[in-house]
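Reading through the structure tokens given below for one structure.
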Amino acid sequence: MKEKKIQNQAVPKDHPRYKSLKYRHKIIEGMKNLIVAEAGLIAHGRGECFDYILGEKTNKTAKKAIRAAVAQLLISNKPIISVNGNIAALTPKFLVKLSKILNIPLEINLFYRKEGRIEAIKNLLEKEGANAILGLDENKMVEIEELSSNRRLVDPNGIKIADTVFVPLEDGDRTEALKKIGKKVITVDLNPVSRTAVWADITIVDNIIRVLPEMINIAKKLKTMKKEELINIVNNFNNKKNLIDTLDLIKEYIEAQKKMLLKFEKNNY
Ligand code: PTJ
């Protein structure tokens, strides 16, 4: 508790990087509470780097992907939301809200298994009001044979029988395995060229902390649409094209930064 206080005091609200530091501290606290794996810190840093060169905002390509993702979740018969340590630590409230508004269960599915982690994540989600959590009883897990990592152990009532799996901040292996067994895969990944980003059916290239609130807003709107309209949204979405457009946005951002530096240099700042 004392430590938490000291950390919060270290980040004044008027700090220009306040938000970024706040989420860093959530990840660090999450690691201390077993929610986040040690490697989750590194994954977060990699994400931050891509976020920077995407302008730290929800770009138009991300908005398109979010719309398609929500439509896909609404037309699915058995969708599921896969939860790992990083997402739970960063944005538990919106995770639970999304699960409720779309009526989709949450399944805790971890890459780095360690005693106490599932319990810690479960408690955090329940504190935010979650009542449909799968992946809790390790004795009842079944395997996805195509996968060798810890993620192969899934809930028989969740990922195993799902037609669409929403797997934010994912590693490439599982996305590939899930695709091979016929699942639709939706992901959130700030790296537009990760194997997950490329393999998924719908990739939202944006920070999970901005994506979930936006998905909730879009869900409220799309929930009233007819199934045919939702199918149309999904069919009109081209993931590879959207990723290419995202890379163009990164190029534009870097060009703009270059121009700014050239101006500084010219004016001797
Ligand atoms: O909790 P566990 O044990 O299941 O482990 C979770 C991590 C994230 C450690 C594990 O899945 C992992 O190692 O993932 P990777 O392979 O590092 O991939 C994570 C991807 O998420 C990377 O491409 C990052 O750029 C991206 N990423 C990191 N933070 C964010 C993000 N994408 C969106 N929003 C973020 N905040």
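Chain identifiers are assigned as A, B, and so on, following the order in which chains appear in the structure tokens; residues are numbered from 1 within each chain, and ligands are numbered from 1 in order of appearance.
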Exercise for the section: List the neighbours of Leu102 (chain A) out to 10 Å using only C-alpha atoms; skip same-chain residues closer than 6 positions along the sequence, and give me the result as a list of chain:residue names. Expected result: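 Residues near the query, excluding close chain neighbours: A:Val70, A:Leu73, A:Leu74, A:Pro79, A:Met215, A:Ile216, A:Ala219, A:Lys220, A:Lys223.
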Handout entry: Selection within 6 Å of ligand 1 by only C-alpha atoms and all ligand atoms, output as a list in words
Key = Val36, Ala37, Ala39, Gly40, Ala43, His44, Arg46, Gly47, Asn84, Gly85, Asn86, Leu110, Phe111, Tyr112, Leu169, Glu170, Asp171, Val188, Asp189, Leu190, Asn191, Ser194, Asp206, Asn207 and Ile208 of chain A
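In this model, the gap between CA of Pro192 (chain A) and CA of Arg174 (chain A) comes to 16.8 Å.
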Exercise for the section: Identify, on the basis of only C-alpha atoms, every residue whose closest approach to Leu34 (chain A) does not exceed 9 Å; exclude the query and any residue fewer than 3 positions from it along the same chain; express the result as a list in words. Expected result: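 Near Leu34 (chain A), the qualifying residues are Glu29, Gly30, Met31, Ala37, Gly85, Lys114, Glu115, Gly116, Arg117, Ile118, Ala120 and Ile121 of chain A.
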Next, dump the selected residues to file, keeping only N, CA and C atoms, as a CSV table (one decimal), in the first residue's frame.
chain,number,residue,atom,x,y,z
A,29,GLU,N,2.3,-2.9,-11.1
A,29,GLU,CA,1.5,-3.3,-9.9
A,29,GLU,C,1.0,-4.7,-10.2
A,30,GLY,N,0.5,-4.9,-11.5
A,30,GLY,CA,-0.1,-6.2,-11.9
A,30,GLY,C,0.9,-7.3,-11.8
A,31,MET,N,2.2,-7.0,-12.1
A,31,MET,CA,3.2,-8.0,-12.0
A,31,MET,C,3.4,-8.4,-10.5
A,37,ALA,N,2.5,-11.4,-16.2
A,37,ALA,CA,3.7,-12.2,-16.2
A,37,ALA,C,4.9,-11.3,-16.3
A,85,GLY,N,-2.9,-11.7,-18.8
A,85,GLY,CA,-2.5,-10.9,-17.6
A,85,GLY,C,-2.5,-9.4,-18.0
A,114,LYS,N,1.6,-19.9,-13.8
A,114,LYS,CA,2.3,-19.8,-12.5
A,114,LYS,C,1.2,-19.9,-11.5
A,115,GLU,N,1.5,-20.6,-10.4
A,115,GLU,CA,0.5,-20.8,-9.4
A,115,GLU,C,-0.1,-19.5,-8.9
A,116,GLY,N,-1.3,-19.3,-8.8
A,116,GLY,CA,-2.0,-18.1,-8.2
A,116,GLY,C,-2.4,-17.1,-9.3
A,117,ARG,N,-1.9,-17.2,-10.5
A,117,ARG,CA,-2.2,-16.2,-11.5
A,117,ARG,C,-3.6,-16.2,-11.9
A,118,ILE,N,-4.2,-17.4,-12.2
A,118,ILE,CA,-5.6,-17.5,-12.6
A,118,ILE,C,-6.5,-16.9,-11.5
A,120,ALA,N,-5.7,-14.8,-9.2
A,120,ALA,CA,-5.5,-13.3,-9.1
A,120,ALA,C,-6.3,-12.6,-10.1
A,121,ILE,N,-6.3,-13.1,-11.4
A,121,ILE,CA,-7.0,-12.4,-12.5
A,121,ILE,C,-8.5,-12.6,-12.3
Practice task
Find the spatial neighbours of Ala130 (chain A), counting only C-alpha atoms, within a cut-off of 9 Å - ignore same-chain residues fewer than 5 positions away - and output them as a list in words.
Solution key: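 In the requested form, the answer reads Leu95, Val96, Lys97, Ser99, Lys100, Pro105, Leu106, Lys122, Leu124 and Leu125 of chain A.
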Could you save the residues just selected, with N, CA, C and O atoms, as a tab-separated table (two decimals), in the first residue's frame?
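Okay, this is what ended up in again09.tsv:
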chain	number	residue	atom	x	y	z
A	95	LEU	N	-13.18	-4.44	-19.94
A	95	LEU	CA	-13.24	-5.84	-20.37
A	95	LEU	C	-14.56	-6.46	-19.90
A	95	LEU	O	-15.28	-7.10	-20.69
A	96	VAL	N	-14.89	-6.23	-18.65
A	96	VAL	CA	-16.12	-6.77	-18.09
A	96	VAL	C	-17.34	-6.11	-18.74
A	96	VAL	O	-18.32	-6.79	-19.09
A	97	LYS	N	-17.24	-4.79	-18.99
A	97	LYS	CA	-18.35	-4.08	-19.62
A	97	LYS	C	-18.62	-4.64	-21.02
A	97	LYS	O	-19.77	-4.85	-21.41
A	99	SER	N	-17.86	-7.60	-22.17
A	99	SER	CA	-18.40	-8.96	-22.03
A	99	SER	C	-19.91	-8.90	-21.75
A	99	SER	O	-20.69	-9.67	-22.31
A	100	LYS	N	-20.31	-7.94	-20.93
A	100	LYS	CA	-21.72	-7.84	-20.56
A	100	LYS	C	-22.57	-7.29	-21.69
A	100	LYS	O	-23.64	-7.81	-21.99
A	105	PRO	N	-18.90	-14.61	-22.75
A	105	PRO	CA	-18.09	-14.93	-21.57
A	105	PRO	C	-16.61	-14.59	-21.74
A	105	PRO	O	-16.11	-14.49	-22.87
A	106	LEU	N	-15.94	-14.43	-20.59
A	106	LEU	CA	-14.50	-14.19	-20.57
A	106	LEU	C	-13.82	-15.51	-20.23
A	106	LEU	O	-14.29	-16.22	-19.33
A	122	LYS	N	-8.94	-13.78	-11.82
A	122	LYS	CA	-10.37	-14.03	-11.54
A	122	LYS	C	-10.89	-13.03	-10.50
A	122	LYS	O	-11.92	-12.39	-10.69
A	124	LEU	N	-9.75	-10.12	-9.69
A	124	LEU	CA	-9.77	-8.76	-10.24
A	124	LEU	C	-11.00	-8.55	-11.13
A	124	LEU	O	-11.71	-7.54	-11.03
A	125	LEU	N	-11.29	-9.54	-11.97
A	125	LEU	CA	-12.44	-9.42	-12.88
A	125	LEU	C	-13.76	-9.44	-12.09
A	125	LEU	O	-14.69	-8.71	-12.41
Problem - Shell of 12 Å around Asp201 (chain A), only C-alpha atoms, local chain residues under 6 positions omitted, as a ChimeraX atom specification - result: /A:65,68-69,72,164-167,175-176,178-179,182-188,195,234-235,237-243
Exercise for the section: Could you tell me which of A:Asn103, A:Thr91, A:Ser148, A:Thr224 comes closest to Ser76 (chain A) if we count only C-alpha atoms? Expected result: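 Going through A:Asn103, A:Thr91, A:Ser148, A:Thr224 one by one, the smallest distance to Ser76 (chain A) is for A:Asn103.
If you count only C-alpha atoms and ignore residues fewer than 6 places along the chain from Ile250 (chain A), what sits within 12 Å of it is Cys49, Phe50, Asp51, Tyr52, Ile53, Leu54, Gly55, Glu56, Lys57, Asn59, Thr61, Leu190, Asn191, Pro192, Val193, Val205, Leu243, Ile244, Ala256 and Gln257 of chain A.
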Handout entry: All helix (DSSP H, G or I) positions in region 111-142 of chain A, as number ranges by chain
Key = A: 117-127, 138-140
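CA of Ile233 (chain A) is found 19.9 Å from CA of Ile104 (chain A).
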Handout entry: Separation of CA of Glu38 (chain A) from CA of Ala62 (chain A) in Å
Key =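 Between these atoms lies a distance of 28.2 Å.
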